[in-house]
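Here's input-v1.cif, which has mmCIF, C-alpha atoms; chains and numbers go by the auth columns:
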```cif
data_structure
loop_
_atom_site.group_PDB
_atom_site.id
_atom_site.type_symbol
_atom_site.label_atom_id
_atom_site.label_comp_id
_atom_site.label_asym_id
_atom_site.label_seq_id
_atom_site.Cartn_x
_atom_site.Cartn_y
_atom_site.Cartn_z
_atom_site.B_iso_or_equiv
_atom_site.auth_seq_id
_atom_site.auth_asym_id
ATOM 1 C CA MET A 1 -0.005 6.708 -9.947 0.00 945 A
ATOM 2 C CA ARG A 2 -2.824 6.976 -7.516 0.00 946 A
ATOM 3 C CA ILE A 3 -2.745 5.934 -3.925 0.00 947 A
ATOM 4 C CA GLY A 4 -5.326 6.061 -1.216 0.00 948 A
ATOM 5 C CA ASN A 5 -5.925 4.777 2.273 0.00 949 A
ATOM 6 C CA TRP A 6 -8.719 4.337 4.763 0.00 950 A
ATOM 7 C CA GLU A 7 -8.936 3.381 8.400 0.00 951 A
ATOM 8 C CA LEU A 8 -11.958 2.186 10.341 0.00 952 A
ATOM 9 C CA ARG A 9 -12.164 1.908 14.090 0.00 953 A
ATOM 10 C CA ASN A 10 -14.746 -0.424 15.579 0.00 954 A
ATOM 11 C CA LYS A 11 -15.505 -0.148 19.267 0.00 955 A
ATOM 12 C CA GLY A 12 -18.194 -2.666 20.101 0.00 956 A
ATOM 13 C CA ALA A 13 -21.143 -2.070 17.799 0.00 957 A
ATOM 14 C CA GLU A 14 -20.110 1.493 17.024 0.00 958 A
ATOM 15 C CA LEU A 15 -18.420 2.007 13.657 0.00 959 A
ATOM 16 C CA ARG A 16 -16.558 5.270 13.228 0.00 960 A
ATOM 17 C CA PRO A 17 -14.997 5.605 9.774 0.00 961 A
ATOM 18 C CA THR A 18 -12.124 8.046 9.476 0.00 962 A
ATOM 19 C CA LEU A 19 -10.925 8.973 6.007 0.00 963 A
ATOM 20 C CA LEU A 20 -7.235 9.648 6.499 0.00 964 A
ATOM 21 C CA LEU A 21 -6.069 10.565 3.027 0.00 965 A
ATOM 22 C CA PHE A 22 -6.762 10.109 -0.645 0.00 966 A
ATOM 23 C CA LEU A 23 -4.403 11.658 -3.135 0.00 967 A
ATOM 24 C CA ASN A 24 -2.763 11.533 -6.514 0.00 968 A
ATOM 25 C CA SER A 25 0.971 10.964 -6.596 0.00 969 A
ATOM 26 C CA GLN A 26 3.372 11.494 -9.478 0.00 970 A
ATOM 27 C CA PHE A 27 7.084 11.087 -9.752 0.00 971 A
ATOM 28 C CA SER A 28 9.063 14.146 -10.806 0.00 972 A
ATOM 29 C CA ILE A 29 12.214 13.999 -12.899 0.00 973 A
ATOM 30 C CA LEU A 30 14.725 16.817 -12.579 0.00 974 A
ATOM 31 C CA ASN A 31 16.289 17.936 -15.838 0.00 975 A
ATOM 32 C CA TRP A 32 19.745 19.463 -15.321 0.00 976 A
ATOM 33 C CA ARG A 33 21.396 21.491 -18.066 0.00 977 A
ATOM 34 C CA SER A 34 24.797 23.124 -17.987 0.00 978 A
ATOM 35 C CA VAL A 35 25.480 26.433 -19.689 0.00 979 A
ATOM 36 C CA ARG A 36 28.993 25.295 -20.495 0.00 980 A
ATOM 37 C CA THR A 37 29.421 22.196 -22.654 0.00 981 A
ATOM 38 C CA PRO A 38 31.378 19.627 -20.628 0.00 982 A
ATOM 39 C CA SER A 39 34.510 18.036 -22.034 0.00 983 A
ATOM 40 C CA ARG A 40 34.464 14.521 -23.450 0.00 984 A
ATOM 41 C CA PHE A 41 36.295 13.244 -20.377 0.00 985 A
ATOM 42 C CA ALA A 42 33.740 14.874 -18.077 0.00 986 A
ATOM 43 C CA ARG A 43 30.875 13.387 -20.062 0.00 987 A
ATOM 44 C CA VAL A 44 32.362 9.891 -19.921 0.00 988 A
ATOM 45 C CA ALA A 45 33.064 10.235 -16.192 0.00 989 A
ATOM 46 C CA PHE A 46 29.509 11.420 -15.609 0.00 990 A
ATOM 47 C CA VAL A 47 28.005 8.465 -17.514 0.00 991 A
ATOM 48 C CA ILE A 48 30.205 5.999 -15.624 0.00 992 A
ATOM 49 C CA SER A 49 29.259 7.573 -12.282 0.00 993 A
ATOM 50 C CA VAL A 50 25.524 7.517 -13.057 0.00 994 A
ATOM 51 C CA SER A 51 25.712 3.939 -14.359 0.00 995 A
ATOM 52 C CA PHE A 52 27.549 2.812 -11.214 0.00 996 A
ATOM 53 C CA PHE A 53 24.994 4.596 -9.047 0.00 997 A
ATOM 54 C CA LEU A 54 22.043 2.991 -10.837 0.00 998 A
ATOM 55 C CA LEU A 55 23.630 -0.461 -10.742 0.00 999 A
ATOM 56 C CA ASN A 56 24.020 -0.126 -6.988 0.00 1000 A
ATOM 57 C CA LEU A 57 20.394 0.940 -6.645 0.00 1001 A
ATOM 58 C CA ALA A 58 19.039 -1.803 -8.886 0.00 1002 A
ATOM 59 C CA PRO A 59 19.016 -4.597 -6.277 0.00 1003 A
ATOM 60 C CA LEU A 60 17.015 -2.363 -3.942 0.00 1004 A
ATOM 61 C CA ARG A 61 14.325 -1.716 -6.516 0.00 1005 A
ATOM 62 C CA ALA A 62 14.115 -4.953 -8.424 0.00 1006 A
ATOM 63 C CA SER A 63 11.366 -6.791 -6.550 0.00 1007 A
ATOM 64 C CA GLU A 64 8.320 -7.589 -8.600 0.00 1008 A
ATOM 65 C CA ILE A 65 5.014 -6.606 -7.051 0.00 1009 A
ATOM 66 C CA THR A 66 3.762 -9.814 -5.453 0.00 1010 A
ATOM 67 C CA CYS A 67 1.844 -10.373 -2.236 0.00 1011 A
ATOM 68 C CA ALA A 68 4.948 -11.773 -0.574 0.00 1012 A
ATOM 69 C CA ASN A 69 7.191 -8.893 -1.655 0.00 1013 A
ATOM 70 C CA VAL A 70 4.731 -6.159 -0.634 0.00 1014 A
ATOM 71 C CA MET A 71 4.316 -7.781 2.775 0.00 1015 A
ATOM 72 C CA LYS A 72 8.074 -8.152 3.119 0.00 1016 A
ATOM 73 C CA VAL A 73 8.792 -4.479 2.372 0.00 1017 A
ATOM 74 C CA MET A 74 6.048 -3.260 4.713 0.00 1018 A
ATOM 75 C CA ASN A 75 7.508 -5.418 7.477 0.00 1019 A
ATOM 76 C CA VAL A 76 10.972 -3.981 6.851 0.00 1020 A
ATOM 77 C CA TYR A 77 9.583 -0.555 7.766 0.00 1021 A
ATOM 78 C CA ARG A 78 7.735 -1.959 10.776 0.00 1022 A
ATOM 79 C CA GLU A 79 10.929 -3.599 12.009 0.00 1023 A
ATOM 80 C CA ARG A 80 12.766 -0.280 11.735 0.00 1024 A
ATOM 81 C CA HIS A 81 10.175 1.177 14.088 0.00 1025 A
ATOM 82 C CA SER A 82 10.402 -1.770 16.520 0.00 1026 A
ATOM 83 C CA LEU A 83 6.946 -3.060 15.570 0.00 1027 A
ATOM 84 C CA ALA A 84 5.859 -6.671 15.255 0.00 1028 A
ATOM 85 C CA PRO A 85 5.582 -7.886 11.658 0.00 1029 A
ATOM 86 C CA LEU A 86 2.238 -8.105 9.933 0.00 1030 A
ATOM 87 C CA ILE A 87 1.100 -11.685 9.398 0.00 1031 A
ATOM 88 C CA GLU A 88 -0.660 -12.657 6.195 0.00 1032 A
ATOM 89 C CA ASP A 89 -4.180 -13.905 6.871 0.00 1033 A
ATOM 90 C CA SER A 90 -5.964 -15.996 4.237 0.00 1034 A
ATOM 91 C CA ARG A 91 -9.351 -14.566 5.244 0.00 1035 A
ATOM 92 C CA ILE A 92 -8.151 -11.017 4.613 0.00 1036 A
ATOM 93 C CA ASP A 93 -6.482 -12.155 1.377 0.00 1037 A
ATOM 94 C CA ALA A 94 -9.893 -13.398 0.254 0.00 1038 A
ATOM 95 C CA ALA A 95 -11.537 -10.126 1.289 0.00 1039 A
ATOM 96 C CA ALA A 96 -8.921 -8.109 -0.630 0.00 1040 A
ATOM 97 C CA ALA A 97 -9.465 -10.306 -3.701 0.00 1041 A
ATOM 98 C CA ASP A 98 -13.218 -9.690 -3.470 0.00 1042 A
ATOM 99 C CA ARG A 99 -12.522 -5.963 -3.185 0.00 1043 A
ATOM 100 C CA MET A 100 -10.485 -5.990 -6.368 0.00 1044 A
ATOM 101 C CA THR A 101 -13.111 -8.048 -8.208 0.00 1045 A
ATOM 102 C CA GLU A 102 -15.907 -5.747 -7.047 0.00 1046 A
ATOM 103 C CA MET A 103 -14.070 -2.605 -8.160 0.00 1047 A
ATOM 104 C CA SER A 104 -13.229 -4.202 -11.525 0.00 1048 A
ATOM 105 C CA GLU A 105 -16.810 -5.305 -12.158 0.00 1049 A
ATOM 106 C CA LEU A 106 -18.294 -1.933 -11.150 0.00 1050 A
ATOM 107 C CA GLY A 107 -15.492 0.109 -12.755 0.00 1051 A
ATOM 108 C CA TYR A 108 -14.423 2.251 -9.803 0.00 1052 A
ATOM 109 C CA TRP A 109 -11.349 2.825 -7.642 0.00 1053 A
ATOM 110 C CA ALA A 110 -12.190 4.158 -4.200 0.00 1054 A
ATOM 111 C CA HIS A 111 -12.533 3.129 -0.583 0.00 1055 A
ATOM 112 C CA VAL A 112 -16.322 3.390 -0.679 0.00 1056 A
ATOM 113 C CA SER A 113 -18.407 1.662 -3.358 0.00 1057 A
ATOM 114 C CA PRO A 114 -20.811 3.630 -5.589 0.00 1058 A
ATOM 115 C CA SER A 115 -23.647 2.325 -3.403 0.00 1059 A
ATOM 116 C CA GLY A 116 -21.914 3.570 -0.247 0.00 1060 A
ATOM 117 C CA ASP A 117 -20.660 0.224 1.075 0.00 1061 A
ATOM 118 C CA LEU A 118 -17.451 0.146 3.105 0.00 1062 A
ATOM 119 C CA PRO A 119 -14.825 -2.445 2.172 0.00 1063 A
ATOM 120 C CA PHE A 120 -14.463 -4.009 5.604 0.00 1064 A
ATOM 121 C CA ARG A 121 -17.766 -5.858 5.387 0.00 1065 A
ATOM 122 C CA LEU A 122 -15.883 -8.297 3.142 0.00 1066 A
ATOM 123 C CA MET A 123 -13.531 -9.178 5.979 0.00 1067 A
ATOM 124 C CA ARG A 124 -16.465 -10.220 8.136 0.00 1068 A
ATOM 125 C CA GLN A 125 -17.988 -12.158 5.259 0.00 1069 A
ATOM 126 C CA HIS A 126 -14.824 -14.255 5.226 0.00 1070 A
ATOM 127 C CA GLY A 127 -14.947 -14.854 8.980 0.00 1071 A
ATOM 128 C CA TYR A 128 -12.511 -12.169 10.145 0.00 1072 A
ATOM 129 C CA ASN A 129 -14.231 -10.205 12.926 0.00 1073 A
ATOM 130 C CA TYR A 130 -12.058 -7.143 13.307 0.00 1074 A
ATOM 131 C CA SER A 131 -11.766 -4.591 16.077 0.00 1075 A
ATOM 132 C CA ARG A 132 -9.614 -2.348 13.861 0.00 1076 A
ATOM 133 C CA ALA A 133 -9.340 -2.340 10.077 0.00 1077 A
ATOM 134 C CA GLY A 134 -7.613 -0.256 7.444 0.00 1078 A
ATOM 135 C CA GLU A 135 -6.980 -0.201 3.719 0.00 1079 A
ATOM 136 C CA ASN A 136 -4.288 1.110 1.383 0.00 1080 A
ATOM 137 C CA LEU A 137 -4.833 1.362 -2.372 0.00 1081 A
ATOM 138 C CA ALA A 138 -2.298 2.007 -5.116 0.00 1082 A
ATOM 139 C CA LYS A 139 -2.126 1.703 -8.884 0.00 1083 A
ATOM 140 C CA GLY A 140 0.427 2.300 -11.629 0.00 1084 A
ATOM 141 C CA PHE A 141 3.432 0.805 -9.822 0.00 1085 A
ATOM 142 C CA GLU A 142 5.938 -1.768 -11.060 0.00 1086 A
ATOM 143 C CA THR A 143 8.115 -2.637 -8.035 0.00 1087 A
ATOM 144 C CA ALA A 144 7.262 -3.412 -4.432 0.00 1088 A
ATOM 145 C CA GLU A 145 9.932 -1.083 -3.038 0.00 1089 A
ATOM 146 C CA VAL A 146 8.732 2.001 -4.918 0.00 1090 A
ATOM 147 C CA LEU A 147 5.120 1.192 -4.091 0.00 1091 A
ATOM 148 C CA VAL A 148 5.698 0.958 -0.345 0.00 1092 A
ATOM 149 C CA GLU A 149 8.056 3.957 -0.389 0.00 1093 A
ATOM 150 C CA ALA A 150 5.237 6.013 -1.929 0.00 1094 A
ATOM 151 C CA TRP A 151 2.900 4.908 0.838 0.00 1095 A
ATOM 152 C CA MET A 152 5.514 5.749 3.463 0.00 1096 A
ATOM 153 C CA GLU A 153 5.741 9.296 2.092 0.00 1097 A
ATOM 154 C CA SER A 154 1.979 9.738 2.594 0.00 1098 A
ATOM 155 C CA GLU A 155 0.912 10.399 6.167 0.00 1099 A
ATOM 156 C CA GLY A 156 -2.251 8.301 6.038 0.00 1100 A
ATOM 157 C CA HIS A 157 -0.741 5.297 4.298 0.00 1101 A
ATOM 158 C CA ARG A 158 2.292 5.414 6.567 0.00 1102 A
ATOM 159 C CA ALA A 159 -0.022 5.441 9.584 0.00 1103 A
ATOM 160 C CA ASN A 160 -1.699 2.241 8.388 0.00 1104 A
ATOM 161 C CA ILE A 161 1.604 0.450 7.755 0.00 1105 A
ATOM 162 C CA LEU A 162 3.065 1.515 11.109 0.00 1106 A
ATOM 163 C CA PHE A 163 -0.082 1.190 13.215 0.00 1107 A
ATOM 164 C CA SER A 164 0.972 -0.985 16.136 0.00 1108 A
ATOM 165 C CA ALA A 165 -2.555 -2.354 16.677 0.00 1109 A
ATOM 166 C CA TYR A 166 -2.649 -4.092 13.316 0.00 1110 A
ATOM 167 C CA GLU A 167 -1.645 -7.737 13.451 0.00 1111 A
ATOM 168 C CA HIS A 168 -2.742 -9.129 10.090 0.00 1112 A
ATOM 169 C CA ALA A 169 -2.907 -8.100 6.455 0.00 1113 A
ATOM 170 C CA GLY A 170 -4.236 -9.418 3.166 0.00 1114 A
ATOM 171 C CA ILE A 171 -3.228 -8.349 -0.328 0.00 1115 A
ATOM 172 C CA ALA A 172 -4.712 -8.502 -3.829 0.00 1116 A
ATOM 173 C CA ILE A 173 -2.920 -7.492 -7.029 0.00 1117 A
ATOM 174 C CA ILE A 174 -3.977 -7.191 -10.666 0.00 1118 A
ATOM 175 C CA GLU A 175 -2.221 -6.039 -13.810 0.00 1119 A
ATOM 176 C CA GLY A 176 -3.597 -2.698 -15.033 0.00 1120 A
ATOM 177 C CA ALA A 177 -6.474 -0.819 -13.402 0.00 1121 A
ATOM 178 C CA THR A 178 -10.064 -1.442 -12.355 0.00 1122 A
ATOM 179 C CA GLU A 179 -11.614 1.391 -14.381 0.00 1123 A
ATOM 180 C CA ARG A 180 -9.724 1.220 -17.686 0.00 1124 A
ATOM 181 C CA ARG A 181 -6.584 -0.060 -19.349 0.00 1125 A
ATOM 182 C CA ALA A 182 -3.463 1.189 -17.609 0.00 1126 A
ATOM 183 C CA ILE A 183 0.216 0.475 -17.181 0.00 1127 A
ATOM 184 C CA GLY A 184 1.490 -1.035 -13.956 0.00 1128 A
ATOM 185 C CA LYS A 185 -0.269 -2.962 -11.227 0.00 1129 A
ATOM 186 C CA SER A 186 -3.165 -2.141 -8.933 0.00 1130 A
ATOM 187 C CA VAL A 187 -2.810 -3.175 -5.303 0.00 1131 A
ATOM 188 C CA VAL A 188 -5.235 -3.533 -2.418 0.00 1132 A
ATOM 189 C CA VAL A 189 -3.851 -4.061 1.094 0.00 1133 A
ATOM 190 C CA MET A 190 -6.292 -4.584 3.944 0.00 1134 A
ATOM 191 C CA PHE A 191 -5.073 -4.434 7.545 0.00 1135 A
ATOM 192 C CA GLY A 192 -6.789 -5.838 10.599 0.00 1136 A
ATOM 193 C CA ARG A 193 -6.759 -6.662 14.262 0.00 1137 A
ATOM 194 C CA GLU A 194 -9.060 -9.507 15.171 0.00 1138 A
ATOM 195 C CA MET A 195 -11.656 -8.925 17.840 0.00 1139 A
ATOM 196 C CA VAL A 196 -11.005 -10.935 20.981 0.00 1140 A
ATOM 197 C CA ILE A 197 -14.151 -12.253 22.615 0.00 1141 A
ATOM 198 C CA PRO A 198 -13.740 -12.951 26.346 0.00 1142 A
ATOM 199 C CA LEU A 199 -14.156 -16.624 27.189 0.00 1143 A
ATOM 200 C CA ALA A 200 -16.903 -15.919 29.743 0.00 1144 A
ATOM 201 C CA ALA A 201 -18.911 -13.967 27.167 0.00 1145 A
ATOM 202 C CA SER A 202 -18.521 -16.704 24.544 0.00 1146 A
ATOM 203 C CA ASN A 203 -19.917 -19.323 26.962 0.00 1147 A
ATOM 204 C CA ARG A 204 -23.091 -17.404 27.699 0.00 1148 A
#
```
Could you write out this file's structure as structure tokens?
Amino acid sequence: MRIGNWELRNKGAELRPTLLLFLNSQFSILNWRSVRTPSRFARVAFVISVSFFLLNLAPLRASEITCANVMKVMNVYRERHSLAPLIEDSRIDAAAADRMTEMSELGYWAHVSPSGDLPFRLMRQHGYNYSRAGENLAKGFETAEVLVEAWMESEGHRANILFSAYEHAGIAIIEGATERRAIGKSVVVMFGREMVIPLAASNR
């Protein structure tokens, strides 16, 4: 699974991109072996205990990756940190969808296009004039909980999810990957804070 994130700060006309983090992430499975062969009773007890444990975990990790579920899980973490929930914005949804289409057509998976274009131009093209914008990418995931947990374990992705300035988000999801066939889903989440234009300035 690969996850990446990007944040862009826009102060007036000055754009200052800051690449926070881009990394590869893999799950590790611990393999435990005992020198002494356990008794039949111990083996049965162990299987029952593990089965009970997994059954209790199942409801926490059963959410399909959908836009609504990804937003919901991100907002659970924001609520835990006393932050206002992110609100889905149809303009950013459209920008995220364009991002996914662009990466699929050009066969890449990165925050910057092969021609050097930043993703946030798509937000403006859809009428969302941001003062702050960020992006999280992920591929190879099957459930919303595990996806967002992986982001929360990465400093840069966590910073985007918990950034108090962000008010809105848009999400795009496809099955597979943008560069080649792959298992799991690819996800683009774009975050934003809309630029507020003073009334006096807008009337000039």
Suppose you want the space between CA of Pro1029 in chain A and CA of Cys1011 in chain A; what is it in Å?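 Separating CA of Pro1029 in chain A from CA of Cys1011 in chain A is a distance of 14.6 Å.
Taking CA of Ser1057 in chain A as the reference point, CA of Arg1043 in chain A is found at 9.6 Å.
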CA of Ala1040 in chain A to CA of Arg1068 in chain A, distance in Å rounded to a single decimal: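 That distance, rounded to one decimal, is 11.8 Å.
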A:Val1131, A:Ala1113, A:Met1044, A:Met1067: which is nearest Gly1084 in chain A, counting only C-alpha atoms?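 Result for the nearest residue to Gly1084 in chain A: A:Val1131.
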Using all atoms listed in the file, determine which residues lie at most 10 Å from range 1116-1124 of chain A, disregarding the query and same-chain residues fewer than 2 positions distant; provide the list as a PyMOL selection string. chain A and resi 1009-1011+1036-1053+1081-1086+1114+1126-1134
Tell me which of A:Ser1034, A:Ser1075, A:Arg1137, A:Met1018 sits closest to His1101 in chain A, counting only C-alpha atoms.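 Nearest candidate to His1101 in chain A out of A:Ser1034, A:Ser1075, A:Arg1137, A:Met1018: A:Met1018.
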Let me know the residues the PyMOL selection byres ((chain A and resi 1106) around 8) catches in the file above, as a PyMOL selection string. chain A and resi 1021-1022+1025+1027+1102-1105+1107-1108
